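protein-v3.txt (compact mmCIF, C-alpha atoms)
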# COMPACT_ATOMS: atom_id res chain seq x y z
CA MET Q 25 0.00 0.00 0.00
CA ARG Q 26 2.89 2.34 0.76
CA SER Q 27 4.39 2.03 -2.72
CA LYS Q 28 1.00 2.75 -4.33
CA SER Q 29 0.64 5.87 -2.15
CA ILE Q 30 4.01 7.08 -3.38
CA VAL Q 31 2.89 6.58 -6.98
CA TYR Q 32 -0.32 8.52 -6.34
CA ASP Q 33 1.57 11.40 -4.65
CA MET Q 34 4.04 11.55 -7.52
CA THR Q 35 1.29 11.40 -10.13
CA PHE Q 36 -0.95 14.13 -8.75
CA ARG Q 37 1.96 16.43 -7.92
CA HIS Q 38 2.94 16.29 -11.59
CA LEU Q 39 -0.58 16.50 -12.97
CA VAL Q 40 -0.32 19.99 -14.48
CA TYR Q 41 3.09 19.21 -15.99
CA TYR Q 42 1.89 15.98 -17.57
CA HIS Q 43 -0.84 18.03 -19.20
CA LYS Q 44 1.71 20.50 -20.56
CA LEU Q 45 4.02 17.76 -21.86
CA PHE Q 46 1.78 15.00 -23.16
CA THR Q 47 -1.33 14.92 -25.34
CA ASN Q 48 -2.37 11.59 -23.79
CA TRP Q 49 -1.64 12.68 -20.23
CA ILE Q 50 -4.74 11.02 -18.75
CA ASP Q 51 -3.74 7.66 -20.22
CA ILE Q 52 -0.21 8.14 -18.86
CA ILE Q 53 -1.49 8.75 -15.33
CA TYR Q 54 -3.64 5.63 -15.59
CA GLU Q 55 -0.64 3.56 -16.71
CA LEU Q 56 1.53 4.99 -13.92
CA VAL Q 57 -1.05 4.11 -11.29
CA LYS Q 58 -1.30 0.59 -12.72
CA GLY Q 59 2.47 0.28 -12.35
CA ASN Q 60 3.26 -0.35 -16.01
CA LYS Q 61 6.91 0.01 -16.97
CA ASP Q 62 6.61 0.77 -20.69
CA ILE Q 63 4.17 3.58 -21.36
CA ASN Q 64 3.11 5.00 -24.72
CA VAL Q 65 3.44 8.78 -24.72
CA GLU Q 66 2.55 11.47 -27.23
CA LEU Q 67 4.55 14.67 -26.91
CA ARG Q 68 2.31 17.70 -27.14
CA HIS Q 69 4.57 20.19 -28.94
CA MET Q 70 6.36 18.06 -31.55
CA ASN Q 71 3.44 15.63 -31.95
CA THR Q 72 5.70 12.58 -31.89
CA TYR Q 73 5.11 9.21 -30.28
CA GLY Q 74 7.30 6.88 -28.29
CA ILE Q 75 7.67 4.75 -25.19
CA CYS Q 76 8.90 6.03 -21.83
CA ASP Q 77 9.33 4.29 -18.52
CA PRO Q 78 7.90 5.92 -15.36
CA GLN Q 79 11.28 7.33 -14.39
CA CYS Q 80 11.66 9.11 -17.73
CA ILE Q 81 8.14 10.54 -17.49
CA THR Q 82 8.57 11.85 -13.95
CA ARG Q 83 12.02 13.25 -14.76
CA LEU Q 84 10.56 15.24 -17.64
CA ALA Q 85 7.89 16.61 -15.32
CA ASP Q 86 10.54 17.47 -12.72
CA ALA Q 87 12.65 19.24 -15.35
CA LEU Q 88 9.64 21.35 -16.25
CA GLU Q 89 8.46 21.95 -12.68
CA ILE Q 90 11.72 22.46 -10.79
CA PHE Q 91 14.04 23.94 -13.40
CA GLN Q 92 11.50 25.51 -15.80
CA TYR Q 93 13.07 23.81 -18.81
CA ASP Q 94 11.67 24.77 -22.19
CA LEU Q 95 10.79 21.33 -23.53
CA LYS Q 96 9.10 22.41 -26.77
CA SER Q 97 11.95 20.87 -28.81
CA LEU Q 98 11.48 17.47 -27.17
CA LYS Q 99 10.72 14.75 -29.73
CA PHE Q 100 10.95 11.06 -30.50
CA HIS Q 101 13.04 9.90 -33.43
CA LYS Q 102 13.44 6.23 -34.32
CA GLY Q 103 12.29 5.22 -30.87
CA LYS Q 104 14.70 7.48 -28.99
CA LEU Q 105 13.96 10.68 -27.11
CA TYR Q 106 15.71 13.83 -28.34
CA MET Q 107 15.96 17.42 -27.21
CA GLY Q 108 16.50 19.17 -30.50
CA SER Q 109 19.37 17.28 -32.12
CA HIS Q 110 20.70 15.77 -28.88
CA GLU Q 111 19.62 12.40 -27.56
CA VAL Q 112 18.27 12.51 -24.02
CA ILE Q 113 20.43 10.27 -21.84
CA HIS Q 114 18.61 8.32 -19.14
CA ASN Q 115 21.38 6.65 -17.14
CA SER Q 116 21.30 9.21 -14.30
CA TRP Q 117 19.25 12.20 -13.17
CA ILE Q 118 22.15 14.63 -13.66
CA MET Q 119 22.99 13.29 -17.14
CA PHE Q 120 19.30 13.46 -18.00
CA LEU Q 121 19.25 17.17 -17.10
CA LEU Q 122 22.56 17.90 -18.84
CA SER Q 123 21.39 16.25 -22.05
CA LEU Q 124 18.21 18.33 -21.98
CA CYS Q 125 20.35 21.49 -22.14
CA GLY Q 126 22.63 20.40 -24.95
CA PHE Q 127 25.26 18.09 -23.48
CA SER Q 128 25.92 14.79 -25.21
CA LYS Q 129 28.24 11.86 -24.65
CA ASP Q 130 31.60 12.07 -26.41
CA GLY Q 131 33.28 8.78 -25.65
CA GLU Q 132 33.86 8.80 -21.89
CA SER Q 133 33.39 12.58 -21.72
CA ILE Q 134 30.42 14.91 -22.12
CA TYR Q 135 30.38 17.75 -24.64
CA ASN Q 136 28.33 20.90 -25.20
CA PRO Q 137 28.66 22.35 -28.72
CA TYR Q 138 27.07 25.70 -27.85
CA PHE Q 139 29.80 26.54 -25.33
CA ASN Q 140 32.32 24.23 -27.02
CA VAL Q 141 33.26 22.68 -23.69
CA LYS Q 142 34.02 19.14 -22.63
CA PHE Q 143 34.19 17.47 -19.21
CA THR Q 144 35.43 14.10 -18.03
CA HIS Q 145 32.47 13.61 -15.65
CA SER Q 146 28.89 14.81 -15.31
CA THR Q 147 28.40 16.87 -12.14
CA TRP Q 148 25.83 19.17 -10.60
CA GLY Q 149 28.30 22.04 -10.86
CA ILE Q 150 28.35 21.71 -14.64
CA PHE Q 151 24.56 21.71 -14.66
CA GLU Q 152 24.35 24.79 -12.41
CA ASN Q 153 26.87 26.75 -14.47
CA PHE Q 154 26.05 25.82 -18.05
CA CYS Q 155 22.34 24.98 -17.80
CA LEU Q 156 21.03 27.15 -14.97
CA LYS Q 157 23.70 29.82 -15.62
CA GLN Q 158 24.02 30.63 -11.94
CA TYR Q 159 26.96 32.96 -12.68
CA ASP Q 160 25.39 34.76 -15.61
CA ILE Q 161 27.46 37.91 -15.17
CA ASP Q 162 29.64 39.94 -17.51
CA VAL Q 163 33.23 38.73 -17.10
CA LYS Q 164 34.48 39.60 -20.58
CA ASP Q 165 38.11 40.79 -20.45
CA ARG Q 166 38.06 40.66 -16.65
CA GLU Q 167 40.03 38.64 -14.10
CA VAL Q 168 38.02 36.19 -11.99
CA VAL Q 169 38.95 34.47 -8.72
CA ASP Q 170 37.12 31.15 -8.38
CA ILE Q 171 37.28 29.89 -4.79
CA GLY Q 172 36.34 26.23 -4.63
CA ALA Q 173 36.93 25.29 -8.26
CA ASN Q 174 35.76 21.70 -7.85
CA VAL Q 175 36.18 19.96 -11.24
CA GLY Q 176 36.88 23.27 -12.99
CA ASP Q 177 33.34 23.79 -14.26
CA SER Q 178 32.92 27.38 -13.09
CA ALA Q 179 36.44 28.37 -14.16
CA ILE Q 180 35.83 26.92 -17.62
CA TYR Q 181 32.45 28.66 -17.75
CA PHE Q 182 34.10 32.02 -17.00
CA ALA Q 183 36.76 31.35 -19.63
CA ALA Q 184 34.05 30.48 -22.16
CA LYS Q 185 32.30 33.76 -21.29
CA GLY Q 186 35.43 35.73 -22.17
CA ALA Q 187 37.30 36.21 -18.90
CA SER Q 188 40.88 37.30 -19.53
CA ARG Q 189 42.22 35.17 -16.66
CA VAL Q 190 40.67 32.89 -14.04
CA TYR Q 191 42.51 32.03 -10.81
CA ALA Q 192 40.83 28.86 -9.59
CA PHE Q 193 41.50 27.41 -6.12
CA GLU Q 194 40.69 23.78 -5.33
CA PRO Q 195 42.09 22.24 -2.11
CA LEU Q 196 41.17 18.56 -2.59
CA PRO Q 197 44.02 16.82 -4.45
CA SER Q 198 41.85 14.22 -6.21
CA ILE Q 199 39.33 16.82 -7.37
CA TYR Q 200 42.13 19.18 -8.39
CA GLU Q 201 43.44 16.43 -10.69
CA VAL Q 202 40.03 16.15 -12.36
CA ALA Q 203 39.91 19.93 -12.74
CA SER Q 204 43.38 19.83 -14.31
CA GLN Q 205 42.17 17.26 -16.84
CA ASN Q 206 39.15 19.39 -17.70
CA VAL Q 207 41.25 22.52 -18.16
CA LYS Q 208 43.61 20.57 -20.41
CA ILE Q 209 40.97 18.94 -22.64
CA ASN Q 210 39.34 22.35 -23.12
CA ASN Q 211 42.71 23.86 -24.04
CA VAL Q 212 42.28 26.83 -21.68
CA GLN Q 213 45.58 26.59 -19.80
CA ASN Q 214 46.39 30.07 -21.10
CA LYS Q 215 43.28 31.46 -19.39
CA ILE Q 216 42.95 29.40 -16.21
CA THR Q 217 45.52 29.24 -13.44
CA LEU Q 218 44.50 26.25 -11.34
CA ILE Q 219 45.84 26.26 -7.79
CA ASN Q 220 45.77 23.25 -5.46
CA ALA Q 221 45.21 25.25 -2.28
CA ALA Q 222 42.44 26.41 0.02
CA VAL Q 223 41.43 30.01 0.65
CA GLY Q 224 40.75 31.19 4.18
CA SER Q 225 40.83 34.12 6.56
CA LYS Q 226 44.49 33.60 7.46
CA GLU Q 227 47.62 32.23 5.89
CA GLY Q 228 48.66 28.71 6.68
CA LYS Q 229 48.25 25.06 5.95
CA ILE Q 230 45.56 22.68 7.16
CA LYS Q 231 44.71 19.03 6.85
CA ILE Q 232 41.94 18.14 4.44
CA PRO Q 233 40.34 14.80 3.53
CA SER Q 234 42.26 13.13 0.72
CA SER Q 235 39.63 10.56 -0.20
CA THR Q 236 36.58 12.79 -0.65
CA SER Q 237 34.48 11.53 -3.55
CA MET Q 238 33.44 13.77 -6.41
CA LYS Q 239 29.83 13.63 -5.23
CA GLU Q 240 30.82 14.85 -1.76
CA SER Q 241 33.45 17.34 -2.88
CA GLY Q 242 31.13 20.33 -3.24
CA ALA Q 243 31.21 21.00 0.50
CA PHE Q 244 33.01 19.56 3.49
CA THR Q 245 33.82 20.71 7.00
CA ILE Q 246 37.19 20.82 8.72
CA MET Q 247 36.93 20.80 12.51
CA ASN Q 248 39.55 20.90 15.28
CA GLU Q 249 42.44 21.05 12.86
CA SER Q 250 45.45 23.11 13.86
CA ILE Q 251 47.42 25.29 11.48
CA LEU Q 252 50.60 23.42 10.59
CA PHE Q 253 52.56 26.38 9.26
CA TYR Q 254 52.05 29.79 7.72
CA LYS Q 255 53.01 30.80 4.21
CA ARG Q 256 51.80 33.55 1.92
CA LEU Q 257 50.59 32.23 -1.43
CA ASP Q 258 51.62 34.54 -4.24
CA TRP Q 259 48.98 33.16 -6.58
CA ARG Q 260 49.11 35.87 -9.25
CA SER Q 261 52.76 35.22 -10.04
CA GLY Q 262 52.36 31.46 -9.82
CA GLY Q 263 54.62 31.30 -6.77
CA PHE Q 264 52.26 29.21 -4.71
CA SER Q 265 52.87 25.98 -2.85
CA CYS Q 266 50.73 23.43 -1.08

Taking this structure as input, can you express it in the form of structure tokens?
Amino acid sequence: MRSKSIVYDMTFRHLVYYHKLFTNWIDIIYELVKGNKDINVELRHMNTYGICDPQCITRLADALEIFQYDLKSLKFHKGKLYMGSHEVIHNSWIMFLLSLCGFSKDGESIYNPYFNVKFTHSTWGIFENFCLKQYDIDVKDREVVDIGANVGDSAIYFAAKGASRVYAFEPLPSIYEVASQNVKINNVQNKITLINAAVGSKEGKIKIPSSTSMKESGAFTIMNESILFYKRLDWRSGGFSC
């Protein structure tokens, strides 16, 4: 009974968005409540037909409800779901969202032709910067300091937007290595200075977790750690050390 209640909650919460997305939205709700896994859908705007599983259907509704995606270019072609010319990728929620805003798989990497950027992994930071455009500010011909560079997504976004130089700080060694790869494959070493160091209120050196996963790397807390030694980081000249 609990699982059916969850289905009902999910269905009625999305009711208005199913109506906006699908011509046969009433049939879709009926199939969802029945628990069917392969559901025939008719997309309202492009008037194309295909089969979606419940996860795909609810993800489309979430994309419309939560992130206000414009899904008018959504269509089926030869049994596959496309957003414009890009196939919608279903293997994860984040890749689903990234593919809706123009990212596609390029071997082991993901690629966005509009920004002409490539990344080794799909992350929420990439989605926030390139899809939601959370830093949609004018940085053309300006210097930018990016504190907490993570995998380099924001630094690469600023470079793509025309920043003259980006100084990007990332303290976690494993994440810094991923950021270095992303800077390299985008050929923006001349624009981005990537620094494996933390930024704080005073000079010094602290212990940080070395095994933090990429999923957990967006935020972490350091408690009860003493400063090991002090050193000024001359990051503009490249004379920094970690």

Looking at all atoms listed in the file, which of Q:Pro197, Q:Ile75, Q:Asn211, Q:Thr144 is the one that sits closest to Q:Gly131?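 Among the listed residues, the smallest separation from Q:Gly131 belongs to Q:Thr144.
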
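Residues surrounding Q:Lys129 within 12 Å are His110, Glu111, Val112, Ile113, His114, Asn115, Met119, Phe120, Leu122, Ser123, Ser133, Ile134, Tyr135, Asn136, Pro137, Val141, Lys142, Phe143, Thr144, His145 and Ser146 of chain Q [only C-alpha atoms; sequence separation below 4 positions excluded].
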
Next, the residues of the selection above should be written as a PDB file, in the coordinates of the input with C-alpha atoms.
ATOM      1  CA  HIS Q 110      20.700  15.770 -28.880  1.00  0.00           C
ATOM      2  CA  GLU Q 111      19.620  12.400 -27.560  1.00  0.00           C
ATOM      3  CA  VAL Q 112      18.270  12.510 -24.020  1.00  0.00           C
ATOM      4  CA  ILE Q 113      20.430  10.270 -21.840  1.00  0.00           C
ATOM      5  CA  HIS Q 114      18.610   8.320 -19.140  1.00  0.00           C
ATOM      6  CA  ASN Q 115      21.380   6.650 -17.140  1.00  0.00           C
ATOM      7  CA  MET Q 119      22.990  13.290 -17.140  1.00  0.00           C
ATOM      8  CA  PHE Q 120      19.300  13.460 -18.000  1.00  0.00           C
ATOM      9  CA  LEU Q 122      22.560  17.900 -18.840  1.00  0.00           C
ATOM     10  CA  SER Q 123      21.390  16.250 -22.050  1.00  0.00           C
ATOM     11  CA  SER Q 133      33.390  12.580 -21.720  1.00  0.00           C
ATOM     12  CA  ILE Q 134      30.420  14.910 -22.120  1.00  0.00           C
ATOM     13  CA  TYR Q 135      30.380  17.750 -24.640  1.00  0.00           C
ATOM     14  CA  ASN Q 136      28.330  20.900 -25.200  1.00  0.00           C
ATOM     15  CA  PRO Q 137      28.660  22.350 -28.720  1.00  0.00           C
ATOM     16  CA  VAL Q 141      33.260  22.680 -23.690  1.00  0.00           C
ATOM     17  CA  LYS Q 142      34.020  19.140 -22.630  1.00  0.00           C
ATOM     18  CA  PHE Q 143      34.190  17.470 -19.210  1.00  0.00           C
ATOM     19  CA  THR Q 144      35.430  14.100 -18.030  1.00  0.00           C
ATOM     20  CA  HIS Q 145      32.470  13.610 -15.650  1.00  0.00           C
ATOM     21  CA  SER Q 146      28.890  14.810 -15.310  1.00  0.00           C
TER      22      SER Q 146
END

If I take atom CA of Q:Ala183 and atom CA of Q:Phe151, how far is one from the other in Å, to one decimal?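 Taking atom CA of Q:Ala183 and atom CA of Q:Phe151, their separation equals 16.3 Å.
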
Need the shell around stretch 184-189 of chain Q: protein/DNA/RNA residues with any atom at most 6 Å away, counting only C-alpha atoms. Skip same-chain ones fewer than 4 positions apart. Format as a list in words?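 In the requested form, the answer reads Val163, Lys164, Asp165, Arg166, Glu167, Lys215 and Ile216 of chain Q.
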
Between Q:Leu121, Q:Leu98, Q:Val190, Q:Ala222, which has the minimum distance to Q:Met70 (counting all atoms listed in the file)?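 Of Q:Leu121, Q:Leu98, Q:Val190, Q:Ala222, the one nearest Q:Met70, counting all atoms listed in the file, is Q:Leu98.
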
Expressed in Å, the length from atom CA of Q:Val175 to atom CA of Q:Asn206 is 7.1 Å

Measuring atom to atom with all atoms listed in the file, identify which of Q:Val223, Q:Phe127, Q:Ile230, Q:Ala173 is nearest to Q:Ser204.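 Comparing Q:Val223, Q:Phe127, Q:Ile230, Q:Ala173 against Q:Ser204, the winner is Q:Ala173.
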
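Between atom CA of Q:Ile52 and atom CA of Q:Ile81 the separation is 8.8 Å.
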
From the list Q:Thr217, Q:Leu84, Q:Asp160, Q:Gly103, which residue is nearest Q:Leu124 when using only C-alpha atoms?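 So, comparing all the options, the nearest one is Q:Leu84.
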
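Ranking Q:Asp86, Q:Asp177, Q:Asp62, Q:Glu132 by their shortest atom-to-atom distance to Q:Asn153, with only C-alpha atoms included, puts Q:Asp177 first.
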
At a cut-off of 10 Å, using only C-alpha atoms, what residues contact stretch 35-46 of chain Q? Leave out same-chain residues fewer than 4 positions from it and give the result as a count of residues only. 30

Pick from Q:Leu218, Q:Cys80, Q:Ile209, Q:Leu156, whichever lies nearest to Q:Asn140 using all atoms listed in the file: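 Among Q:Leu218, Q:Cys80, Q:Ile209, Q:Leu156, it is Q:Ile209 that comes nearest to Q:Asn140.
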
Where is the centre and how long are the edges: axis-aligned box on stretch 70-75 of chain Q, 5 Å on each side, Å to one decimal, as lines of an AutoDock Vina configuration file:
center_x = 5.6
center_y = 11.4
center_z = -28.6
size_x = 14.2
size_y = 23.3
size_z = 16.8

Need the shell around Q:Asn60: protein/DNA/RNA residues with any atom at most 9 Å away, counting all atoms listed in the file. Skip same-chain ones fewer than 5 positions apart. Format as a list in words?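 My reading of the contact set: Glu55, Asp77 and Pro78 of chain Q.
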
Could you give me stretch 147-165 of chain Q completed to N, CA, C and O atoms, formatted as a compact mmCIF listing (two decimals), keeping the file's coordinate frame?
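Below you can see rebuild_38.txt, which holds the result:
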# COMPACT_ATOMS: atom_id res chain seq x y z
N THR Q 147 28.56 16.43 -13.52
CA THR Q 147 28.40 16.87 -12.14
C THR Q 147 27.31 17.93 -12.04
O THR Q 147 26.95 18.57 -13.04
N TRP Q 148 26.84 18.14 -10.82
CA TRP Q 148 25.83 19.17 -10.60
C TRP Q 148 26.39 20.56 -10.85
O TRP Q 148 25.68 21.47 -11.26
N GLY Q 149 27.68 20.75 -10.59
CA GLY Q 149 28.30 22.04 -10.86
C GLY Q 149 28.23 22.42 -12.33
O GLY Q 149 27.97 23.58 -12.68
N ILE Q 150 28.46 21.46 -13.20
CA ILE Q 150 28.35 21.71 -14.64
C ILE Q 150 26.93 22.11 -14.99
O ILE Q 150 26.69 23.05 -15.74
N PHE Q 151 25.97 21.40 -14.42
CA PHE Q 151 24.56 21.71 -14.66
C PHE Q 151 24.22 23.12 -14.18
O PHE Q 151 23.57 23.91 -14.89
N GLU Q 152 24.67 23.47 -12.97
CA GLU Q 152 24.35 24.79 -12.41
C GLU Q 152 24.97 25.91 -13.23
O GLU Q 152 24.35 26.97 -13.41
N ASN Q 153 26.18 25.69 -13.73
CA ASN Q 153 26.87 26.75 -14.47
C ASN Q 153 26.39 26.87 -15.91
O ASN Q 153 26.10 27.98 -16.39
N PHE Q 154 26.32 25.76 -16.62
CA PHE Q 154 26.05 25.82 -18.05
C PHE Q 154 24.57 25.69 -18.41
O PHE Q 154 24.17 26.12 -19.49
N CYS Q 155 23.78 25.12 -17.52
CA CYS Q 155 22.34 24.98 -17.80
C CYS Q 155 21.53 26.03 -17.05
O CYS Q 155 20.71 26.73 -17.65
N LEU Q 156 21.75 26.15 -15.75
CA LEU Q 156 21.03 27.15 -14.97
C LEU Q 156 21.68 28.53 -15.05
O LEU Q 156 21.06 29.53 -14.71
N LYS Q 157 22.95 28.55 -15.49
CA LYS Q 157 23.70 29.82 -15.62
C LYS Q 157 23.66 30.62 -14.33
O LYS Q 157 23.30 31.81 -14.31
N GLN Q 158 24.07 29.98 -13.24
CA GLN Q 158 24.02 30.63 -11.94
C GLN Q 158 24.99 31.82 -11.84
O GLN Q 158 24.80 32.70 -11.00
N TYR Q 159 26.02 31.83 -12.67
CA TYR Q 159 26.96 32.96 -12.68
C TYR Q 159 26.83 33.73 -14.00
O TYR Q 159 27.82 34.00 -14.67
N ASP Q 160 25.63 34.07 -14.35
CA ASP Q 160 25.39 34.76 -15.61
C ASP Q 160 25.70 36.25 -15.46
O ASP Q 160 24.81 37.10 -15.41
N ILE Q 161 26.99 36.54 -15.34
CA ILE Q 161 27.46 37.91 -15.17
C ILE Q 161 28.47 38.23 -16.26
O ILE Q 161 29.02 37.33 -16.90
N ASP Q 162 28.71 39.50 -16.46
CA ASP Q 162 29.64 39.94 -17.51
C ASP Q 162 31.07 39.84 -16.99
O ASP Q 162 31.48 40.62 -16.12
N VAL Q 163 31.82 38.88 -17.50
CA VAL Q 163 33.23 38.73 -17.10
C VAL Q 163 34.18 38.96 -18.27
O VAL Q 163 35.38 38.72 -18.15
N LYS Q 164 33.65 39.42 -19.38
CA LYS Q 164 34.48 39.60 -20.58
C LYS Q 164 35.65 40.53 -20.29
O LYS Q 164 35.47 41.64 -19.77
N ASP Q 165 36.86 40.04 -20.61
CA ASP Q 165 38.11 40.79 -20.45
C ASP Q 165 38.40 41.15 -18.99
O ASP Q 165 39.14 42.10 -18.71
